[in-house]
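Asks: Below are the structure tokens for one structure; questions will follow.
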Protein chains: 2
Amino acid sequence: MKKLFFVTRSEENYIKTIFHLGGNSSSLIATNAIAEQMETKPSSVTDMAKKLAEKGFVNYKRYQGVSLTDFGIKTALSIIRKHRLWEVFLVEKLDFSWDEVHEVAEQLEHIKSEKLIDKIDELLGNPKYDPHGDPIPSKDGKFMERDKQLLSEMTLKSEGVCVGVKDTSAAFLKFLDKNSIALGNTIKVLEKEDFDLSLHIQMEGKELHISHQIASNLYIKKND
Amino acid sequence: MKKLFFVTRSEENYIKTIFHLGGNSSSLIATNAIAEQMETKPSSVTDMAKKLAEKGFVNYKRYQGVSLTDFGIKTALSIIRKHRLWEVFLVEKLDFSWDEVHEVAEQLEHIKSEKLIDKIDELLGNPKYDPHGDPIPSKDGKFMERDKQLLSEMTLKSEGVCVGVKDTSAAFLKFLDKNSIALGNTIKVLEKEDFDLSLHIQMEGKELHISHQIASNLYIKKND
DNA sequence: ACAAATTTTTAGATTTGTCTAAATTTTAAT
DNA sequence: ATTAAAATTTAGACAAATCTAAAAATTTGT
Ligand SMILES: [Mn+2]
Ligand SMILES: [Mn+2]
Ligand SMILES: [Mn+2]
Ligand SMILES: [Mn+2]
């Protein structure tokens, strides 16, 4: 007796946002936080919180906030899986650049067809990470967060590989492209400037200067 | 000074339906015809007709019906192009069967990204026809209706190739699959039964009996 | 031509998702 | 412990898309 609710696009977007704000665990997410993230008003969030609670996606405590139920988490992971698989598809199969995919994936993630996304997954060879280095949940909702750290937190002389970005804005991604910084690149910290926290690094053989702003938005997987 | 209106999913569905009902040419399409096709009520159609007229997609004459403007035709062709390209993609790249693609294409046709559909078109090698034999409009809205006729209208002894279906219901398509009738198959009319209008045909070498119901939903391109 | 049948439109209601402004609750500060 | 500030909810409104029921226009049949 599997209850299958129709989930609207708006509901899906709220569920996804709550998940990204940490609404897994049992921590309560504040109304204002959701409103700010979704560029909507707190009163709209309250209305939706009630509806999502009604449908079993969240636990809602008046004046306290919401947290996702197990069902809500499962739903969120399914949407995120679709979003990230579509992003891989756009980059791998249609030559989109990594700064163009998010907007389109925001639409594609709402397409309702289990077979479609399973086939896309298969076509792509069951990728584990999306173009920004974020992990792709499997069909049954499991995924591994990669062992990684921000470049800004790496110790002097340590080496590693670029595996992800924290800021996924088109502006940042284009900046990385312009400076030939890409996921998969090898990296070594040559020098750290105490004054402005900027770094002198070696990337794929070439030496490069990196501001703190950049270093604190690049994820590195340390060697061994 | 290109005016770019936001077109809602619902508006797109109305525009597409009006086109399919023959709303190109200057013929007026009746409110009831649209309502029936869309499984909605005439009063809803009237409301939408006003909105579509407001936005420049249709000419609307009270109590007479609607016809698409040039802009409306252009919009309809763009939606149909997307629908049919996605259907080809699902069949060619994801191994969907031709009876499964329509439902998903109904969703995908509303994805808004010019680059996406152009890249899909390119990936597929600019196909001219969809899995049901229907022509795919080009980016600039041109398309060729194929020279074809219903099997039921073919003369005795004439030969040809299966190029399309009139009834695109999953039930009919599955029936064709079961009987190994597929687009591209060669066909020759061996005998016509006056009594029930059934046909005796040769398809890809094998002899077959075909009811009038089937014959009047299969398009054939006659040889030479 | 004119009454009857059909089609279409209008009027008013409903649902979803949003907003503003006011009221309420919680949290922070003195 | 009060008061002030911040966060949250409620109340009431609105736009989009739909519906039902009633009114109006058109078409049809004799
Ligand atoms: Mn994204
Ligand atoms: Mn991503
Ligand atoms: Mn179709
Ligand atoms: Mn088709």
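Note on naming: chains are A, B, ... as they come in the structure tokens, residues start from 1 per chain, ligands start from 1 in the order shown.
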Could you write out, as a ChimeraX atom specification, all the residues of chain B that DSSP marks as strand (DSSP E)?
Replies: /B:58-61,65-68,149-150,159-165,186-192,199-203,206-210,218-222
Asks: Residues of the last selection are to be written out with N, CA, C and O atoms, as a short mmCIF file (atom, residue, chain, number, x, y, z; two decimals), in the first residue's frame.
Replies:
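Result written to selection27.cif:
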```cif
data_model
loop_
_atom_site.label_atom_id
_atom_site.label_comp_id
_atom_site.auth_asym_id
_atom_site.auth_seq_id
_atom_site.Cartn_x
_atom_site.Cartn_y
_atom_site.Cartn_z
N VAL B 58 -2.84 34.22 -30.89
CA VAL B 58 -4.01 33.85 -31.72
C VAL B 58 -4.85 35.07 -32.06
O VAL B 58 -4.78 36.11 -31.40
N ASN B 59 -5.64 34.91 -33.12
CA ASN B 59 -6.72 35.85 -33.38
C ASN B 59 -7.96 35.20 -32.83
O ASN B 59 -8.22 34.03 -33.09
N TYR B 60 -8.70 35.99 -32.06
CA TYR B 60 -9.87 35.43 -31.41
C TYR B 60 -11.10 36.26 -31.76
O TYR B 60 -11.11 37.47 -31.55
N LYS B 61 -12.11 35.57 -32.31
CA LYS B 61 -13.38 36.25 -32.60
C LYS B 61 -14.46 35.61 -31.74
O LYS B 61 -14.75 34.42 -31.88
N GLY B 65 -14.29 31.44 -32.68
CA GLY B 65 -13.14 30.55 -32.50
C GLY B 65 -11.82 31.29 -32.60
O GLY B 65 -11.79 32.52 -32.62
N VAL B 66 -10.73 30.53 -32.67
CA VAL B 66 -9.39 31.13 -32.74
C VAL B 66 -8.61 30.58 -33.92
O VAL B 66 -8.87 29.47 -34.39
N SER B 67 -7.67 31.37 -34.38
CA SER B 67 -6.68 30.88 -35.34
C SER B 67 -5.33 31.42 -34.91
O SER B 67 -5.25 32.51 -34.33
N LEU B 68 -4.28 30.68 -35.18
CA LEU B 68 -2.95 31.12 -34.75
C LEU B 68 -2.47 32.28 -35.61
O LEU B 68 -2.70 32.32 -36.82
N GLN B 149 0.40 7.73 -47.99
CA GLN B 149 -1.04 7.50 -48.00
C GLN B 149 -1.35 6.36 -47.05
O GLN B 149 -0.48 5.58 -46.69
N LEU B 150 -2.62 6.29 -46.66
CA LEU B 150 -3.00 5.21 -45.76
C LEU B 150 -2.97 3.88 -46.50
O LEU B 150 -3.29 3.80 -47.68
N GLU B 159 3.04 -1.47 -54.23
CA GLU B 159 4.06 -1.73 -53.20
C GLU B 159 4.55 -0.44 -52.58
O GLU B 159 4.41 0.63 -53.16
N GLY B 160 5.14 -0.56 -51.39
CA GLY B 160 5.64 0.63 -50.73
C GLY B 160 6.38 0.31 -49.45
O GLY B 160 6.73 -0.84 -49.20
N VAL B 161 6.61 1.35 -48.69
CA VAL B 161 7.32 1.21 -47.42
C VAL B 161 6.52 1.87 -46.32
O VAL B 161 5.96 2.94 -46.51
N CYS B 162 6.46 1.23 -45.17
CA CYS B 162 5.79 1.77 -43.99
C CYS B 162 6.53 3.02 -43.51
O CYS B 162 7.73 2.94 -43.21
N VAL B 163 5.86 4.16 -43.43
CA VAL B 163 6.58 5.37 -43.01
C VAL B 163 5.94 6.11 -41.85
O VAL B 163 6.50 7.10 -41.37
N GLY B 164 4.80 5.64 -41.38
CA GLY B 164 4.20 6.38 -40.27
C GLY B 164 2.92 5.76 -39.76
O GLY B 164 2.38 4.84 -40.39
N VAL B 165 2.46 6.27 -38.61
CA VAL B 165 1.19 5.80 -38.05
C VAL B 165 0.28 7.00 -37.85
O VAL B 165 0.74 8.10 -37.55
N THR B 186 8.98 -3.13 -45.88
CA THR B 186 8.40 -3.11 -47.24
C THR B 186 7.04 -3.77 -47.18
O THR B 186 6.79 -4.63 -46.34
N ILE B 187 6.19 -3.34 -48.08
CA ILE B 187 4.81 -3.83 -48.04
C ILE B 187 4.25 -3.94 -49.46
O ILE B 187 4.59 -3.15 -50.33
N LYS B 188 3.44 -4.98 -49.67
CA LYS B 188 2.77 -5.14 -50.98
C LYS B 188 1.35 -5.63 -50.74
O LYS B 188 1.13 -6.54 -49.95
N VAL B 189 0.39 -4.97 -51.42
CA VAL B 189 -1.01 -5.35 -51.24
C VAL B 189 -1.33 -6.52 -52.16
O VAL B 189 -1.31 -6.40 -53.38
N LEU B 190 -1.65 -7.70 -51.57
CA LEU B 190 -1.92 -8.89 -52.37
C LEU B 190 -3.39 -9.02 -52.72
O LEU B 190 -3.75 -9.41 -53.82
N GLU B 191 -4.23 -8.68 -51.75
CA GLU B 191 -5.66 -8.91 -51.95
C GLU B 191 -6.46 -7.93 -51.09
O GLU B 191 -6.03 -7.58 -49.98
N LYS B 192 -7.62 -7.50 -51.61
CA LYS B 192 -8.50 -6.64 -50.81
C LYS B 192 -9.86 -7.31 -50.69
O LYS B 192 -10.46 -7.69 -51.70
N LEU B 199 -7.27 -6.60 -45.58
CA LEU B 199 -6.26 -6.75 -46.63
C LEU B 199 -5.41 -7.98 -46.41
O LEU B 199 -5.15 -8.38 -45.27
N HIS B 200 -4.99 -8.51 -47.53
CA HIS B 200 -3.99 -9.57 -47.48
C HIS B 200 -2.73 -8.92 -48.03
O HIS B 200 -2.73 -8.42 -49.15
N ILE B 201 -1.68 -8.88 -47.23
CA ILE B 201 -0.49 -8.17 -47.70
C ILE B 201 0.77 -9.03 -47.54
O ILE B 201 0.75 -10.07 -46.87
N GLN B 202 1.82 -8.57 -48.17
CA GLN B 202 3.12 -9.17 -47.97
C GLN B 202 3.98 -8.12 -47.28
O GLN B 202 4.08 -6.98 -47.77
N MET B 203 4.54 -8.47 -46.13
CA MET B 203 5.39 -7.50 -45.42
C MET B 203 6.74 -8.14 -45.12
O MET B 203 6.80 -9.18 -44.45
N LYS B 206 6.98 -11.91 -45.61
CA LYS B 206 5.94 -12.76 -45.02
C LYS B 206 4.52 -12.26 -45.33
O LYS B 206 4.28 -11.06 -45.36
N GLU B 207 3.61 -13.22 -45.51
CA GLU B 207 2.22 -12.83 -45.77
C GLU B 207 1.47 -12.56 -44.47
O GLU B 207 1.74 -13.19 -43.45
N LEU B 208 0.54 -11.64 -44.56
CA LEU B 208 -0.11 -11.17 -43.34
C LEU B 208 -1.53 -10.72 -43.64
O LEU B 208 -1.83 -10.22 -44.72
N HIS B 209 -2.42 -10.92 -42.68
CA HIS B 209 -3.79 -10.43 -42.81
C HIS B 209 -3.95 -9.17 -41.96
O HIS B 209 -3.52 -9.15 -40.82
N ILE B 210 -4.56 -8.15 -42.55
CA ILE B 210 -4.65 -6.85 -41.88
C ILE B 210 -6.09 -6.36 -41.89
O ILE B 210 -6.70 -6.26 -42.96
N LEU B 218 -2.16 3.13 -40.83
CA LEU B 218 -0.75 2.92 -41.22
C LEU B 218 -0.46 3.72 -42.48
O LEU B 218 -1.16 3.57 -43.49
N TYR B 219 0.57 4.56 -42.42
CA TYR B 219 0.94 5.34 -43.61
C TYR B 219 2.01 4.63 -44.43
O TYR B 219 2.98 4.10 -43.88
N ILE B 220 1.80 4.63 -45.72
CA ILE B 220 2.72 3.97 -46.65
C ILE B 220 3.25 4.98 -47.66
O ILE B 220 2.50 5.84 -48.12
N LYS B 221 4.55 4.87 -47.95
CA LYS B 221 5.09 5.65 -49.07
C LYS B 221 5.18 4.70 -50.24
O LYS B 221 5.90 3.70 -50.20
N LYS B 222 4.41 5.00 -51.29
CA LYS B 222 4.36 4.13 -52.45
C LYS B 222 5.70 4.15 -53.19
O LYS B 222 6.35 5.19 -53.25
#
```
Asks: With chain C as the partner and 8 Å as the cut-off, tabulate the residues of chain A that qualify, each row holding the nearest pair of atoms and their distance in Å to one decimal, using only C-alpha atoms (C1' of nucleotides), sorted by chain and rising number, as JSON lines.
Replies:
```
{"residue": "A:Lys41", "atom": "CA", "partner": "C:DC19", "partner_atom": "C1'", "distance": 7.9}
{"residue": "A:Ser44", "atom": "CA", "partner": "C:DT18", "partner_atom": "C1'", "distance": 6.6}
{"residue": "A:Tyr63", "atom": "CA", "partner": "C:DT25", "partner_atom": "C1'", "distance": 7.1}
```
Asks: Can I get the residues close to ligand 4 as a count of residues only, where close means within 7 Å and we count only C-alpha atoms (C1' of nucleotides) and all ligand atoms?
Replies: 7
Asks: Could I get the residue neighbourhood of ligand 2 at 12 Å, counting only C-alpha atoms (C1' of nucleotides) and all ligand atoms, as a PyMOL selection string?
Replies: chain A and resi 80-91+97-106+109+128-136+164-170+173
Asks: Compare A:Gln64, A:Gln213, A:Gln37, A:Gln107 by their minimum atom-to-atom distance to ligand 1, counting only C-alpha atoms and all ligand atoms, and give me the closest one.
Replies: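 The shortest atom-to-atom distance to ligand 1 comes from A:Gln107.
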Asks: As an exercise, work out the distance from atom CA of Leu77 of chain B to atom CA of Gly141 of chain B in Å and give it to one decimal place.
Replies: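 Between atom CA of Leu77 of chain B and atom CA of Gly141 of chain B the gap is 5.8 Å.
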Asks: Find the residues of chain B in contact range of chain D, meaning any atom within 12 Å when counting only C-alpha atoms (C1' of nucleotides), and list them as JSON, numbers by chain.
Replies: {"B": [8, 9, 10, 11, 39, 40, 41, 42, 43, 44, 45, 46, 47, 48, 51, 62, 63, 64]}
Asks: For the residues in that selection, give me N, CA and C atoms as a compact mmCIF listing (two decimals), in the first residue's frame.
Replies:
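This went into out.txt:
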```txt
# COMPACT_ATOMS: atom_id res chain seq x y z
N THR B 8 3.61 30.28 -20.48
CA THR B 8 3.43 29.24 -19.47
C THR B 8 3.25 27.88 -20.15
N ARG B 9 3.42 26.85 -19.36
CA ARG B 9 3.24 25.49 -19.85
C ARG B 9 1.83 25.30 -20.39
N SER B 10 0.86 25.85 -19.68
CA SER B 10 -0.53 25.70 -20.09
C SER B 10 -0.77 26.40 -21.44
N GLU B 11 -0.23 27.61 -21.56
CA GLU B 11 -0.36 28.33 -22.83
C GLU B 11 0.27 27.54 -23.96
N GLU B 39 -9.29 17.77 -23.11
CA GLU B 39 -10.02 17.22 -21.96
C GLU B 39 -10.20 18.27 -20.87
N THR B 40 -10.71 19.42 -21.32
CA THR B 40 -11.01 20.50 -20.39
C THR B 40 -12.39 21.04 -20.74
N LYS B 41 -12.83 22.09 -20.09
CA LYS B 41 -14.17 22.61 -20.34
C LYS B 41 -14.13 23.81 -21.28
N PRO B 42 -15.18 23.98 -22.08
CA PRO B 42 -15.22 25.12 -23.02
C PRO B 42 -14.99 26.46 -22.33
N SER B 43 -15.49 26.61 -21.12
CA SER B 43 -15.31 27.91 -20.45
C SER B 43 -13.83 28.19 -20.16
N SER B 44 -13.09 27.14 -19.89
CA SER B 44 -11.65 27.32 -19.68
C SER B 44 -10.97 27.74 -20.97
N VAL B 45 -11.43 27.16 -22.06
CA VAL B 45 -10.85 27.49 -23.36
C VAL B 45 -11.11 28.96 -23.69
N THR B 46 -12.31 29.42 -23.42
CA THR B 46 -12.63 30.82 -23.68
C THR B 46 -11.68 31.75 -22.92
N ASP B 47 -11.51 31.45 -21.62
CA ASP B 47 -10.59 32.26 -20.82
C ASP B 47 -9.20 32.29 -21.45
N MET B 48 -8.71 31.11 -21.83
CA MET B 48 -7.36 31.03 -22.37
C MET B 48 -7.29 31.71 -23.74
N LYS B 51 -6.56 35.22 -23.26
CA LYS B 51 -5.18 35.48 -22.84
C LYS B 51 -4.20 35.31 -24.00
N ARG B 62 -15.06 36.42 -30.89
CA ARG B 62 -16.06 35.89 -29.97
C ARG B 62 -17.12 35.07 -30.70
N TYR B 63 -17.41 33.94 -30.15
CA TYR B 63 -18.40 32.99 -30.69
C TYR B 63 -17.96 32.33 -31.99
N GLN B 64 -16.78 32.70 -32.50
CA GLN B 64 -16.33 32.12 -33.77
C GLN B 64 -15.19 31.13 -33.60
```
Asks: Compute the chain A side of the contact with chain B at 9 Å, counting only C-alpha atoms, and hand it back as a list in words.
Replies: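 So the contacting residues turn out to be Leu90, Lys93, Leu94, Asp95, Phe96, Val104, Gln107, Leu108, Ile111, Lys112, Ser113, Lys115, Leu116, Lys119, Ile120, Glu122 and Leu123 of chain A.
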Asks: I'd like to know which of B:Asn185, B:Ser158, B:Thr31, B:Asn223 is closest to Gly205 of chain B, using only C-alpha atoms.
Replies: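 Using only C-alpha atoms, the shortest distance to Gly205 of chain B belongs to B:Asn185.
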